Amino acid sequence: MFPTFVLYFVLNLPLLLFPPLSLTIQSLSVRSSIPTVSFTEPASTMAADISHPPMEQLQDLEYCIDSNPPWPETILLAFQNYILMLGTTVMIPSLLVPYMGGSNKDKACVIQTLLFVSGMNTLLQTLFGTRLPAVVGGSFAYVMPILYIINDSSLQRIPDHHDRFIQTMRAIQGALIVASSIQIVAGYSQLWGLFSRFFSPLGMAPAIGLVGLGLFQRGFPILGNCVEIGLPMLLLVIGVSQYLKHTRLLKDVPIFERFPLLICISIIWIYSIILTASGTYRNRPNPTQTNCRTDRAYIISTAPWFMFPYPLQWGPPTFSAGHSFAMMSSVLVSMAESTGAYMAASRLAIATPPPAYVLSRGIGWQGIGVLLDGLYGTGTGSAVSVENVGLLGLTRVGSRRVVQISAGFMIFFSIFGKFGAVFASIPFPIFAALYCVLFGLVGAVGLSFLQFTNMNSMRNLIIIGLSLFLGISIPQYFNGYVTVQHGLVHTNAGWFNAFLNTIFASPPTVGLIVAVFLDNTLDVVDSKKDRGMPWWVFSTNIARGCRWRLEAVDRKDKSRV
């Protein structure tokens with residue numbers, strides 16, 4: 001059978017490669033005989049059916065920046081924001097405090113301090129900064145310089161663990177205090193506003209997109225550490241927030257659309273408590289127990305009942321030039337990341353993009369927030385919480401009042417530590433499941449800015465593709481070499497290593513640098529319309545033209561950005 005098939009194939013190969021002319025003509029005639037379909041509808045009607053014109057505001061958002069839900073909904077939404085920001089607030093001290101030599105009690109105190117200062121920074125930002133509904137909390141952008149400070153030889157030589165923790169915390173405080181001057185000067189001198197004049201929808205789309213998509217390592221990789229908890233959480237939050245959003249148990253309140261996080265966290269948290277109490281993880285490896293059990297954080301048992309954080313509670317800060325220069329890289333990264341988050345928050349709050357003076361004012365107040373981090377000793381710096389920006393879109397509520405009340409919850413539960421520690425014991429994979437949805441949503445909001453550009457332009461396609469690809473590829477390369485001791489750049493100057501490793505390990509920062517540089521150097525004069533500059537200038541001019549009205553109503557807390 002096999003030789004016959006081979007012989008048949010060889011004999012017919014010429015016909016397969018070079019068909020007869022008559023066969024070709026016949027096939028063409030058959031094709032030409034296919035009847036054509038004539039469309040009787042007008043061309044404008046067809047274009048309206050298949051096209052989606054650009055829209056300055058997102059659809060289906062029910063509450064904008066200065067409209068507020070009823071008070072019961074507002075309070076529950078604020079508590080939902082508080083629960084969400086606990087993920088990062090607990091993760092960062094849980095990662096850093098053990099390396100600093102701190103105990104579980106020290107970790108609980110740092111978490112309470114970070115929560116307290118985050119509440120203050122959120123209030124300052126929503127009252128005096130950009131006045132957008134943005135939560136300001138601890139940032140992972142500061143982790144790499146902090147690890148450099150932790151590994152300082154002068155600190156590592158301290159034999160007592162608690163003394164080493166105190167001295168390391170003071171060194172981190174001094175570095176944060178000095179580095180905060182970068183943001184304060186860049187903000188209040190309008191330098192960041194001048195730099196923002198080089199922004200366009202084409203340049204900001206990849207930067208904002210990478211604010212969400214660049215955090216993929218905090219999504220499914222952490223969820224996968226405890227699949228039996230994380231995966232049900234991911235499926236449940238998608239089902240409740242998307243498939244049940246039109247189901248109303250109460251007449252006037254869309255419960256599943258407004259409070260998906262509270263519902264899903266409650267269900268999966270109880271499920272994880274049952275797994276822990278039943279001994280499911282008793283003989284499992286230690287990493288599995290740490291990620292899955294609800295009693296391995298040791299926060300509830302060590303948190304004080306009452307603690308009021310105050311400045312210099314760890315002692316006077318210590319200052320080092322190398323530590324301060326290294327920390328300045330994190331300040332620059334947080335400025336880039338927060339700028340993208342502000343842009344996303346403005347779109348999800350049905351507001352115009354923040355004009356230059358508002359953006360500079362927000363960066364200035366963010367610098368004051370980093371200064372407060374250094375004075376109080378939070379162990380890290382501050383930036384806009386990306387997950388809470390995504391929550392604005394998931395709940396379709398962009399009210400500033402909700403975020404301000406959530407800041408009140410942060411301050412309250414940081415003072416009464418035992419009550420806050422209960423919620424802080426939620427396993428990390430539950431938060432990681434939420435991040436998969438919320439970070440993706442923020443990334444999609446960033447890409448929505450492309451509707452104002454010409455995506456049929458090869459110039460624009462090259463800029464978008466290159467900035468997105470390098471924004472993911474370069475940080476992934478740098479992060480692949482990160483250890484507790486050092487990163488990819490490993491010279492004798494530790495501050496220089498930390499500076500470069502921090503800058504190029506941030507996807508939004510790399511994407512912003514590449515996109516803004518290419519967008520302002522490639523055919524700039526002939527591509528203003530393709531870049532989306534007419535819409536960008538129009539939107540910012542509207543906000544700038546309303547400046548007098550904003551300043552007049554700031555005192556009444558009724559501004560429209």
# chains A, B, ... in the order shown; residues from 1 in each chain; ligands from 1

call {"tool": "residues_around", "arguments": {"residues": "Arg164 in chain A", "least_positions_apart": "3", "cutoff": "10 Å", "atoms": "only C-alpha atoms", "output": "list of chain:residue names"}}
result
A:Tyr99, A:Met100, A:Gly101, A:Gly102, A:Ile150, A:Ser154, A:Leu155, A:Gln156, A:Arg157, A:Ile158, A:Pro159, A:Asp160, A:His161, A:Gln167, A:Thr168, A:Met169, A:Arg170

call {"tool": "select_by_dssp", "arguments": {"residues": "range 336-561 of chain A", "states": "strand (DSSP E or B)", "output": "MDAnalysis selection string"}}
result
chainID A and resid 382:384 397

call {"tool": "atom_distance", "arguments": {"atom1": "CA of Ala108 in chain A", "atom2": "CA of Thr276 in chain A"}}
result
21.6 Å

call {"tool": "closest_residue", "arguments": {"among": "A:Leu114, A:Leu176, A:Val516, A:Leu147", "to": "Ala321 in chain A", "atoms": "only C-alpha atoms"}}
result
A:Leu176

call {"tool": "select_by_dssp", "arguments": {"residues": "range 45-293 of chain A", "states": "alpha helix (DSSP H)", "output": "VMD selection string"}}
result
chain A and resid 45 to 50 71 to 100 104 to 127 143 to 150 153 to 156 161 to 188 191 to 196 201 to 213 220 to 223 227 to 238 255 to 258 260 to 277 286 to 292

call {"tool": "atom_distance", "arguments": {"atom1": "CA of Ile363 in chain A", "atom2": "CA of Ser382 in chain A"}}
result
11.1 Å

call {"tool": "closest_residue", "arguments": {"among": "A:Ile166, A:Ala171, A:Ile430, A:Val397", "to": "Phe319 in chain A", "atoms": "only C-alpha atoms"}}
result
A:Ala171

call {"tool": "closest_residue", "arguments": {"among": "A:Val437, A:Leu234, A:Cys264, A:Val442", "to": "Val389 in chain A", "atoms": "only C-alpha atoms"}}
result
A:Val442

call {"tool": "residues_around", "arguments": {"residues": "range 246-257 of chain A", "least_positions_apart": "5", "cutoff": "7 Å", "atoms": "only C-alpha atoms", "output": "list in words"}}
result
Val240, Ser241 and Thr395 of chain A

call {"tool": "write_last_selection", "arguments": {"atoms": "N, CA, C and O atoms", "output": "JSON list (two decimals), in the first residue's frame"}}
result
[["chain", "number", "residue", "atom", "x", "y", "z"],
["A", 240, "VAL", "N", -19.94, 37.01, 39.57],
["A", 240, "VAL", "CA", -20.80, 37.93, 40.32],
["A", 240, "VAL", "C", -20.82, 39.31, 39.68],
["A", 240, "VAL", "O", -21.89, 39.92, 39.51],
["A", 241, "SER", "N", -19.64, 39.83, 39.30],
["A", 241, "SER", "CA", -19.58, 41.21, 38.81],
["A", 241, "SER", "C", -20.06, 41.36, 37.37],
["A", 241, "SER", "O", -20.50, 42.45, 36.98],
["A", 395, "THR", "N", -17.14, 48.70, 39.78],
["A", 395, "THR", "CA", -18.38, 49.06, 40.45],
["A", 395, "THR", "C", -19.15, 50.17, 39.75],
["A", 395, "THR", "O", -20.27, 50.47, 40.13]]

call {"tool": "closest_residue", "arguments": {"among": "A:Leu461, A:Ile263, A:Ser414, A:Leu223", "to": "Gly239 in chain A", "atoms": "only C-alpha atoms"}}
result
A:Ile263

call {"tool": "atom_distance", "arguments": {"atom1": "CA of Ile464 in chain A", "atom2": "CA of Ala205 in chain A"}}
result
8.0 Å
